[in-house]
Amino acid sequence: MAPLRFSANLSWLFPELSGFPARLRAAGSSGFAAAEIGWPYAEPPEALARAAREAGLRVVLINTPPGDREKGENGLGAVPGRQAAFREGLEQAVLYAKALGCSRIHLMAGRVPKGADRTAVRGEMEVVFLENLRHAAEVLAQENLVGLLEPINTRITDPRYFLDTPQQAAAILQKVGRPNLQLQMDLFHWQIMDGNLTGNVREFLPIVGHVQVAQVPGRGEPDSPGELNFSYLFQLLEDEGYTGFVGCEYQPRGDTAEGLSWLRSYWEMRGRPQAGQ
């Protein structure tokens, strides 16, 4: 069983440092070989690519742009009337992914419109999402890229997010039927929405293209107090043959590097694979 490969989510880790280039350097110095950035769009892609190279890091995941944050948008993939903006954002994400050498893009679904009833608009939003995903799959295939769908919990994190369970995401992926669209498994969100992590990991792992981790409910380091036993979950992922990346998408309780003792312990026991292995 190969050891898991971890990536530093620099939208969350090293908040004590300003700017992604500084965070890339810190991640490299902390032993990471890979990184992910939620929304890298405030900085030129060439500058980020250079900083990643200098830090010895491979960028493995970015998100599509969120839309208009001031108006409460958090992704556009399933939002009626925003199809053109989603496709424009997709083109920007592809540009960044190519510059960064990043092969995976999280295609953010977005939120149920304010004041709308989730049940009433679910059908319309799914139709929009399917249309946008088919378009995205074609665009991404031309560049040999993979699109990811991530369910985000609606109990704590984002009550209006459209895509909130692995079952919903898997059903949508089946309807689209494109091999370069996969599932993004954030164990924080999955535990809050459904639990049953052993069963869900085993059921959905064949279509999972990326994993993310954080403790529940505080969203801290995997070894912080909470519901999840990450020694067991990491072993489960190994046993099930997962070979993708595991993103560290959590809120450090203090200094990020000091809080990586859990990862150093894992590397001591399992070994530290390189990003390209």
# chains A, B, ... in the order shown; residues from 1 in each chain; ligands from 1
$ residues_around --residues "Val208 (chain A)" --least-positions-apart "2" --cutoff "8 Å" --atoms "only C-alpha atoms" --output "PyMOL selection string"
chain A and resi 182-185+204-206+210-211
$ closest_atom_pairs --of "region 115-223 of chain A" --to "region 62-78 of chain A" --cutoff "6 Å" --atoms "only C-alpha atoms" --output "tab-separated table"
residue	atom	partner	partner_atom	distance
A:Met125	CA	A:Ala78	CA	5.0
A:Val128	CA	A:Ala78	CA	5.3
A:Phe129	CA	A:Ala78	CA	4.1
$ closest_residue --among "A:Val121, A:Leu260, A:Leu133, A:Leu236" --to "Gly220 (chain A)" --atoms "only C-alpha atoms"
A:Leu260
$ select_by_dssp --residues "region 113-245 of chain A" --states "helix (DSSP H, G or I)" --output "ChimeraX atom specification"
/A:118-142,166-176,187-193,197-207,230-239
$ write_last_selection --atoms "C-alpha atoms" --output "compact mmCIF listing (two decimals), in the first residue's frame"
# COMPACT_ATOMS: atom_id res chain seq x y z
CA ARG A 118 -34.57 24.66 -2.49
CA THR A 119 -37.11 22.00 -3.42
CA ALA A 120 -38.89 24.27 -5.90
CA VAL A 121 -35.75 25.26 -7.82
CA ARG A 122 -33.81 22.00 -7.54
CA GLY A 123 -34.94 20.69 -10.92
CA GLU A 124 -34.14 23.90 -12.77
CA MET A 125 -30.74 24.21 -11.07
CA GLU A 126 -29.85 20.63 -11.94
CA VAL A 127 -30.70 21.23 -15.61
CA VAL A 128 -28.42 24.29 -15.61
CA PHE A 129 -25.67 22.36 -13.84
CA LEU A 130 -25.86 19.45 -16.28
CA GLU A 131 -25.68 21.84 -19.24
CA ASN A 132 -22.67 23.65 -17.78
CA LEU A 133 -20.92 20.41 -16.82
CA ARG A 134 -21.25 18.98 -20.33
CA HIS A 135 -19.75 22.18 -21.69
CA ALA A 136 -16.98 22.11 -19.07
CA ALA A 137 -16.15 18.49 -19.81
CA GLU A 138 -15.57 19.32 -23.47
CA VAL A 139 -13.42 22.36 -22.66
CA LEU A 140 -11.37 20.47 -20.10
CA ALA A 141 -10.89 17.45 -22.34
CA GLN A 142 -9.21 19.64 -24.95
CA PRO A 166 -22.11 12.67 -2.23
CA GLN A 167 -25.24 10.87 -3.40
CA GLN A 168 -26.50 13.99 -5.20
CA ALA A 169 -23.09 14.64 -6.77
CA ALA A 170 -22.66 11.02 -7.90
CA ALA A 171 -26.11 11.02 -9.51
CA ILE A 172 -25.27 14.19 -11.43
CA LEU A 173 -21.94 12.74 -12.57
CA GLN A 174 -23.76 9.65 -13.80
CA LYS A 175 -26.20 11.77 -15.79
CA VAL A 176 -23.37 13.75 -17.40
CA LEU A 187 -14.45 14.28 4.67
CA PHE A 188 -15.39 17.33 6.77
CA HIS A 189 -18.49 17.97 4.68
CA TRP A 190 -19.35 14.28 4.24
CA GLN A 191 -19.28 13.59 7.95
CA ILE A 192 -21.54 16.55 8.74
CA MET A 193 -24.11 15.67 6.08
CA LEU A 197 -17.73 7.46 6.21
CA THR A 198 -16.46 3.91 5.87
CA GLY A 199 -19.37 2.92 3.67
CA ASN A 200 -19.32 6.13 1.66
CA VAL A 201 -15.57 6.04 1.09
CA ARG A 202 -15.80 2.49 -0.19
CA GLU A 203 -18.84 3.21 -2.35
CA PHE A 204 -17.70 6.43 -3.98
CA LEU A 205 -13.90 6.16 -4.05
CA PRO A 206 -13.88 4.69 -7.61
CA ILE A 207 -15.14 8.07 -8.91
CA PHE A 230 -7.94 10.10 10.97
CA SER A 231 -5.52 7.29 11.71
CA TYR A 232 -8.35 4.95 10.76
CA LEU A 233 -9.49 7.05 7.78
CA PHE A 234 -6.00 7.39 6.33
CA GLN A 235 -5.54 3.63 6.66
CA LEU A 236 -8.92 3.11 4.97
CA LEU A 237 -7.89 5.27 2.02
CA GLU A 238 -4.64 3.33 1.72
CA ASP A 239 -6.41 -0.02 1.98
$ select_by_dssp --residues "region 104-245 of chain A" --states "strand (DSSP E or B)" --output "list in words"
Arg104, Ile105, His106, Ala109, Arg111, Val146, Gly147, Leu148, Leu149, Tyr161, Leu181, Gln182, Leu183, Gln184, Met185, Asp186, Val208, Gly209, His210, Val211, Gln212, Val213 and Phe245 of chain A
$ write_last_selection --atoms "N, CA, C and O atoms" --output "tab-separated table (two decimals), in the first residue's frame"
chain	number	residue	atom	x	y	z
A	104	ARG	N	-6.41	19.57	-12.17
A	104	ARG	CA	-7.77	19.43	-11.64
A	104	ARG	C	-8.37	20.78	-11.29
A	104	ARG	O	-7.70	21.61	-10.66
A	105	ILE	N	-9.63	20.96	-11.66
A	105	ILE	CA	-10.36	22.18	-11.36
A	105	ILE	C	-11.68	21.82	-10.70
A	105	ILE	O	-12.48	21.03	-11.25
A	106	HIS	N	-11.91	22.36	-9.52
A	106	HIS	CA	-13.20	22.20	-8.83
A	106	HIS	C	-14.23	23.11	-9.48
A	106	HIS	O	-14.09	24.34	-9.46
A	109	ALA	N	-20.59	24.60	-7.78
A	109	ALA	CA	-22.00	24.57	-8.16
A	109	ALA	C	-22.70	25.88	-7.87
A	109	ALA	O	-23.53	26.34	-8.66
A	111	ARG	N	-24.93	28.60	-5.10
A	111	ARG	CA	-25.98	28.62	-4.08
A	111	ARG	C	-27.39	28.72	-4.68
A	111	ARG	O	-27.57	29.30	-5.76
A	146	VAL	N	-9.12	17.64	-15.62
A	146	VAL	CA	-10.22	16.95	-14.93
A	146	VAL	C	-11.03	17.97	-14.15
A	146	VAL	O	-10.48	18.84	-13.47
A	147	GLY	N	-12.36	17.87	-14.23
A	147	GLY	CA	-13.24	18.70	-13.43
A	147	GLY	C	-13.77	17.93	-12.24
A	147	GLY	O	-14.06	16.72	-12.34
A	148	LEU	N	-13.90	18.59	-11.11
A	148	LEU	CA	-14.34	17.95	-9.87
A	148	LEU	C	-15.61	18.59	-9.35
A	148	LEU	O	-15.78	19.81	-9.43
A	149	LEU	N	-16.49	17.77	-8.79
A	149	LEU	CA	-17.70	18.24	-8.12
A	149	LEU	C	-17.55	17.98	-6.62
A	149	LEU	O	-17.30	16.83	-6.21
A	161	TYR	N	-25.97	26.19	-0.30
A	161	TYR	CA	-25.21	25.58	-1.39
A	161	TYR	C	-26.05	24.50	-2.07
A	161	TYR	O	-26.74	23.71	-1.41
A	181	LEU	N	-14.86	14.07	-15.55
A	181	LEU	CA	-15.52	14.71	-14.42
A	181	LEU	C	-15.58	13.70	-13.28
A	181	LEU	O	-16.03	12.57	-13.47
A	182	GLN	N	-15.12	14.11	-12.10
A	182	GLN	CA	-15.02	13.21	-10.97
A	182	GLN	C	-15.54	13.88	-9.70
A	182	GLN	O	-15.93	15.05	-9.71
A	183	LEU	N	-15.50	13.13	-8.62
A	183	LEU	CA	-16.03	13.58	-7.34
A	183	LEU	C	-14.89	14.07	-6.44
A	183	LEU	O	-13.81	13.47	-6.42
A	184	GLN	N	-15.13	15.16	-5.73
A	184	GLN	CA	-14.18	15.67	-4.75
A	184	GLN	C	-14.74	15.34	-3.36
A	184	GLN	O	-15.81	15.80	-3.00
A	185	MET	N	-13.99	14.56	-2.61
A	185	MET	CA	-14.46	14.04	-1.32
A	185	MET	C	-13.81	14.80	-0.18
A	185	MET	O	-12.66	14.56	0.18
A	186	ASP	N	-14.55	15.74	0.39
A	186	ASP	CA	-14.10	16.45	1.58
A	186	ASP	C	-14.73	15.76	2.79
A	186	ASP	O	-15.95	15.87	3.01
A	208	VAL	N	-13.76	9.15	-7.22
A	208	VAL	CA	-13.16	10.28	-6.51
A	208	VAL	C	-11.84	10.67	-7.16
A	208	VAL	O	-10.97	9.83	-7.40
A	209	GLY	N	-11.68	11.97	-7.44
A	209	GLY	CA	-10.45	12.47	-8.03
A	209	GLY	C	-9.61	13.29	-7.07
A	209	GLY	O	-8.46	13.63	-7.39
A	210	HIS	N	-10.16	13.62	-5.90
A	210	HIS	CA	-9.42	14.41	-4.92
A	210	HIS	C	-10.10	14.26	-3.56
A	210	HIS	O	-11.33	14.15	-3.50
A	211	VAL	N	-9.29	14.27	-2.51
A	211	VAL	CA	-9.79	14.16	-1.13
A	211	VAL	C	-9.33	15.37	-0.35
A	211	VAL	O	-8.23	15.90	-0.59
A	212	GLN	N	-10.16	15.84	0.58
A	212	GLN	CA	-9.76	16.91	1.50
A	212	GLN	C	-10.13	16.51	2.93
A	212	GLN	O	-11.08	15.75	3.14
A	213	VAL	N	-9.38	17.05	3.90
A	213	VAL	CA	-9.58	16.64	5.28
A	213	VAL	C	-9.58	17.83	6.22
A	213	VAL	O	-8.90	18.83	6.00
A	245	PHE	N	-4.44	12.91	-4.38
A	245	PHE	CA	-3.94	13.78	-3.31
A	245	PHE	C	-4.97	13.95	-2.21
A	245	PHE	O	-6.18	13.84	-2.44
$ residues_around --residues "Pro159 (chain A)" --least-positions-apart "5" --cutoff "10 Å" --atoms "only C-alpha atoms" --output "count of residues only"
6
$ closest_residue --among "A:Ser11, A:Ser224, A:Asn229, A:Gln92" --to "Gly254 (chain A)" --atoms "only C-alpha atoms"
A:Ser224
$ atom_distance --atom1 "CA of Ala55 (chain A)" --atom2 "CA of Glu36 (chain A)"
13.4 Å
$ residues_around --residues "Pro21 (chain A)" --least-positions-apart "2" --cutoff "8 Å" --atoms "only C-alpha atoms" --output "PDB file with N, CA and C atoms, in the first residue's frame"
ATOM      1  N   GLY A  19      -0.196  36.616   1.040  1.00  0.00           N
ATOM      2  CA  GLY A  19       0.051  36.330  -0.370  1.00  0.00           C
ATOM      3  C   GLY A  19       0.416  34.880  -0.606  1.00  0.00           C
ATOM      4  N   ARG A  23       3.139  31.811   0.968  1.00  0.00           N
ATOM      5  CA  ARG A  23       2.575  30.570   1.483  1.00  0.00           C
ATOM      6  C   ARG A  23       3.120  29.353   0.732  1.00  0.00           C
ATOM      7  N   LEU A  24       3.359  29.517  -0.563  1.00  0.00           N
ATOM      8  CA  LEU A  24       3.987  28.432  -1.318  1.00  0.00           C
ATOM      9  C   LEU A  24       5.377  28.123  -0.768  1.00  0.00           C
ATOM     10  N   ARG A  25       6.149  29.166  -0.487  1.00  0.00           N
ATOM     11  CA  ARG A  25       7.480  28.945   0.077  1.00  0.00           C
ATOM     12  C   ARG A  25       7.383  28.239   1.428  1.00  0.00           C
ATOM     13  N   ALA A  47       3.400  34.527 -12.093  1.00  0.00           N
ATOM     14  CA  ALA A  47       4.083  34.743 -10.815  1.00  0.00           C
ATOM     15  C   ALA A  47       3.842  33.585  -9.863  1.00  0.00           C
ATOM     16  N   LEU A  48       2.622  33.071  -9.846  1.00  0.00           N
ATOM     17  CA  LEU A  48       2.328  31.931  -8.987  1.00  0.00           C
ATOM     18  C   LEU A  48       3.068  30.686  -9.466  1.00  0.00           C
ATOM     19  N   ALA A  51       6.631  30.972  -8.367  1.00  0.00           N
ATOM     20  CA  ALA A  51       6.770  30.758  -6.926  1.00  0.00           C
ATOM     21  C   ALA A  51       6.632  29.279  -6.584  1.00  0.00           C
ATOM     22  N   ALA A  52       5.719  28.582  -7.260  1.00  0.00           N
ATOM     23  CA  ALA A  52       5.557  27.154  -7.006  1.00  0.00           C
ATOM     24  C   ALA A  52       6.801  26.379  -7.418  1.00  0.00           C
TER      25      ALA A  52
END
$ closest_residue --among "A:Pro3, A:Gly31, A:Gly89, A:Gly218" --to "Met108 (chain A)" --atoms "only C-alpha atoms"
A:Gly89
$ decode --residues "region 54-92 of chain A" --atoms "N, CA and C atoms" --output "mmCIF file, in the first residue's frame"
data_model
loop_
_atom_site.group_PDB
_atom_site.id
_atom_site.type_symbol
_atom_site.label_atom_id
_atom_site.label_comp_id
_atom_site.auth_asym_id
_atom_site.auth_seq_id
_atom_site.Cartn_x
_atom_site.Cartn_y
_atom_site.Cartn_z
ATOM 1 N N GLU A 54 9.868 27.513 -7.618
ATOM 2 C CA GLU A 54 10.963 27.833 -6.703
ATOM 3 C C GLU A 54 10.803 27.131 -5.363
ATOM 4 N N ALA A 55 9.549 26.870 -4.965
ATOM 5 C CA ALA A 55 9.292 26.178 -3.704
ATOM 6 C C ALA A 55 9.329 24.662 -3.852
ATOM 7 N N GLY A 56 9.499 24.190 -5.084
ATOM 8 C CA GLY A 56 9.517 22.748 -5.324
ATOM 9 C C GLY A 56 8.156 22.105 -5.183
ATOM 10 N N LEU A 57 7.101 22.864 -5.497
ATOM 11 C CA LEU A 57 5.734 22.394 -5.302
ATOM 12 C C LEU A 57 5.008 22.189 -6.619
ATOM 13 N N ARG A 58 4.181 21.177 -6.648
ATOM 14 C CA ARG A 58 3.252 20.944 -7.744
ATOM 15 C C ARG A 58 1.867 21.432 -7.307
ATOM 16 N N VAL A 59 1.243 22.296 -8.093
ATOM 17 C CA VAL A 59 -0.114 22.745 -7.793
ATOM 18 C C VAL A 59 -1.080 21.718 -8.372
ATOM 19 N N VAL A 60 -1.971 21.174 -7.517
ATOM 20 C CA VAL A 60 -2.788 20.037 -7.933
ATOM 21 C C VAL A 60 -4.278 20.347 -7.988
ATOM 22 N N LEU A 61 -4.712 21.525 -7.517
ATOM 23 C CA LEU A 61 -6.135 21.838 -7.538
ATOM 24 C C LEU A 61 -6.364 23.339 -7.422
ATOM 25 N N ILE A 62 -7.280 23.850 -8.256
ATOM 26 C CA ILE A 62 -7.814 25.202 -8.090
ATOM 27 C C ILE A 62 -9.329 25.124 -8.265
ATOM 28 N N ASN A 63 -10.034 26.177 -7.892
ATOM 29 C CA ASN A 63 -11.479 26.270 -8.073
ATOM 30 C C ASN A 63 -11.809 27.189 -9.242
ATOM 31 N N THR A 64 -12.992 26.993 -9.811
ATOM 32 C CA THR A 64 -13.510 28.016 -10.708
ATOM 33 C C THR A 64 -13.824 29.271 -9.892
ATOM 34 N N PRO A 65 -13.830 30.438 -10.509
ATOM 35 C CA PRO A 65 -14.113 31.673 -9.774
ATOM 36 C C PRO A 65 -15.475 31.623 -9.079
ATOM 37 N N PRO A 66 -15.606 32.317 -7.958
ATOM 38 C CA PRO A 66 -16.853 32.237 -7.178
ATOM 39 C C PRO A 66 -18.000 33.032 -7.750
ATOM 40 N N GLY A 67 -17.728 33.985 -8.632
ATOM 41 C CA GLY A 67 -18.760 34.909 -9.057
ATOM 42 C C GLY A 67 -18.646 36.202 -8.267
ATOM 43 N N ASP A 68 -19.750 36.844 -8.035
ATOM 44 C CA ASP A 68 -19.775 38.131 -7.320
ATOM 45 C C ASP A 68 -19.946 37.867 -5.825
ATOM 46 N N ARG A 69 -18.844 37.905 -5.092
ATOM 47 C CA ARG A 69 -18.911 37.610 -3.653
ATOM 48 C C ARG A 69 -19.729 38.655 -2.900
ATOM 49 N N GLU A 70 -19.687 39.896 -3.363
ATOM 50 C CA GLU A 70 -20.444 40.948 -2.688
ATOM 51 C C GLU A 70 -21.950 40.712 -2.783
ATOM 52 N N LYS A 71 -22.360 39.984 -3.797
ATOM 53 C CA LYS A 71 -23.779 39.648 -3.943
ATOM 54 C C LYS A 71 -24.093 38.265 -3.370
ATOM 55 N N GLY A 72 -23.117 37.675 -2.689
ATOM 56 C CA GLY A 72 -23.361 36.407 -2.016
ATOM 57 C C GLY A 72 -23.153 35.173 -2.862
ATOM 58 N N GLU A 73 -22.487 35.315 -4.012
ATOM 59 C CA GLU A 73 -22.269 34.144 -4.860
ATOM 60 C C GLU A 73 -21.075 33.327 -4.362
ATOM 61 N N ASN A 74 -21.181 32.015 -4.550
ATOM 62 C CA ASN A 74 -20.115 31.089 -4.145
ATOM 63 C C ASN A 74 -20.041 29.965 -5.168
ATOM 64 N N GLY A 75 -19.730 30.351 -6.390
ATOM 65 C CA GLY A 75 -19.773 29.425 -7.510
ATOM 66 C C GLY A 75 -20.984 29.699 -8.374
ATOM 67 N N LEU A 76 -20.910 29.248 -9.651
ATOM 68 C CA LEU A 76 -21.958 29.606 -10.614
ATOM 69 C C LEU A 76 -22.490 28.423 -11.414
ATOM 70 N N GLY A 77 -21.957 27.243 -11.209
ATOM 71 C CA GLY A 77 -22.249 26.128 -12.101
ATOM 72 C C GLY A 77 -23.709 25.763 -12.229
ATOM 73 N N ALA A 78 -24.475 25.907 -11.142
ATOM 74 C CA ALA A 78 -25.886 25.509 -11.171
ATOM 75 C C ALA A 78 -26.830 26.690 -11.045
ATOM 76 N N VAL A 79 -26.313 27.888 -11.163
ATOM 77 C CA VAL A 79 -27.121 29.082 -10.900
ATOM 78 C C VAL A 79 -27.821 29.536 -12.178
ATOM 79 N N PRO A 80 -29.152 29.513 -12.205
ATOM 80 C CA PRO A 80 -29.886 29.940 -13.406
ATOM 81 C C PRO A 80 -29.565 31.391 -13.770
ATOM 82 N N GLY A 81 -29.399 31.632 -15.063
ATOM 83 C CA GLY A 81 -29.120 32.973 -15.549
ATOM 84 C C GLY A 81 -27.668 33.380 -15.506
ATOM 85 N N ARG A 82 -26.800 32.494 -14.966
ATOM 86 C CA ARG A 82 -25.371 32.842 -14.839
ATOM 87 C C ARG A 82 -24.496 31.916 -15.694
ATOM 88 N N GLN A 83 -25.118 31.304 -16.703
ATOM 89 C CA GLN A 83 -24.354 30.367 -17.522
ATOM 90 C C GLN A 83 -23.186 31.037 -18.223
ATOM 91 N N ALA A 84 -23.388 32.222 -18.773
ATOM 92 C CA ALA A 84 -22.310 32.902 -19.489
ATOM 93 C C ALA A 84 -21.171 33.245 -18.540
ATOM 94 N N ALA A 85 -21.501 33.681 -17.339
ATOM 95 C CA ALA A 85 -20.465 34.011 -16.364
ATOM 96 C C ALA A 85 -19.713 32.759 -15.923
ATOM 97 N N PHE A 86 -20.426 31.624 -15.786
ATOM 98 C CA PHE A 86 -19.736 30.378 -15.447
ATOM 99 C C PHE A 86 -18.730 30.003 -16.525
ATOM 100 N N ARG A 87 -19.135 30.111 -17.782
ATOM 101 C CA ARG A 87 -18.247 29.713 -18.877
ATOM 102 C C ARG A 87 -17.059 30.666 -18.996
ATOM 103 N N GLU A 88 -17.296 31.927 -18.735
ATOM 104 C CA GLU A 88 -16.183 32.883 -18.725
ATOM 105 C C GLU A 88 -15.204 32.542 -17.598
ATOM 106 N N GLY A 89 -15.741 32.226 -16.424
ATOM 107 C CA GLY A 89 -14.890 31.850 -15.303
ATOM 108 C C GLY A 89 -14.133 30.557 -15.562
ATOM 109 N N LEU A 90 -14.786 29.633 -16.253
ATOM 110 C CA LEU A 90 -14.119 28.377 -16.606
ATOM 111 C C LEU A 90 -12.905 28.635 -17.486
ATOM 112 N N GLU A 91 -13.049 29.534 -18.451
ATOM 113 C CA GLU A 91 -11.921 29.862 -19.321
ATOM 114 C C GLU A 91 -10.767 30.449 -18.509
ATOM 115 N N GLN A 92 -11.095 31.286 -17.540
ATOM 116 C CA GLN A 92 -10.051 31.851 -16.682
ATOM 117 C C GLN A 92 -9.377 30.759 -15.859
#
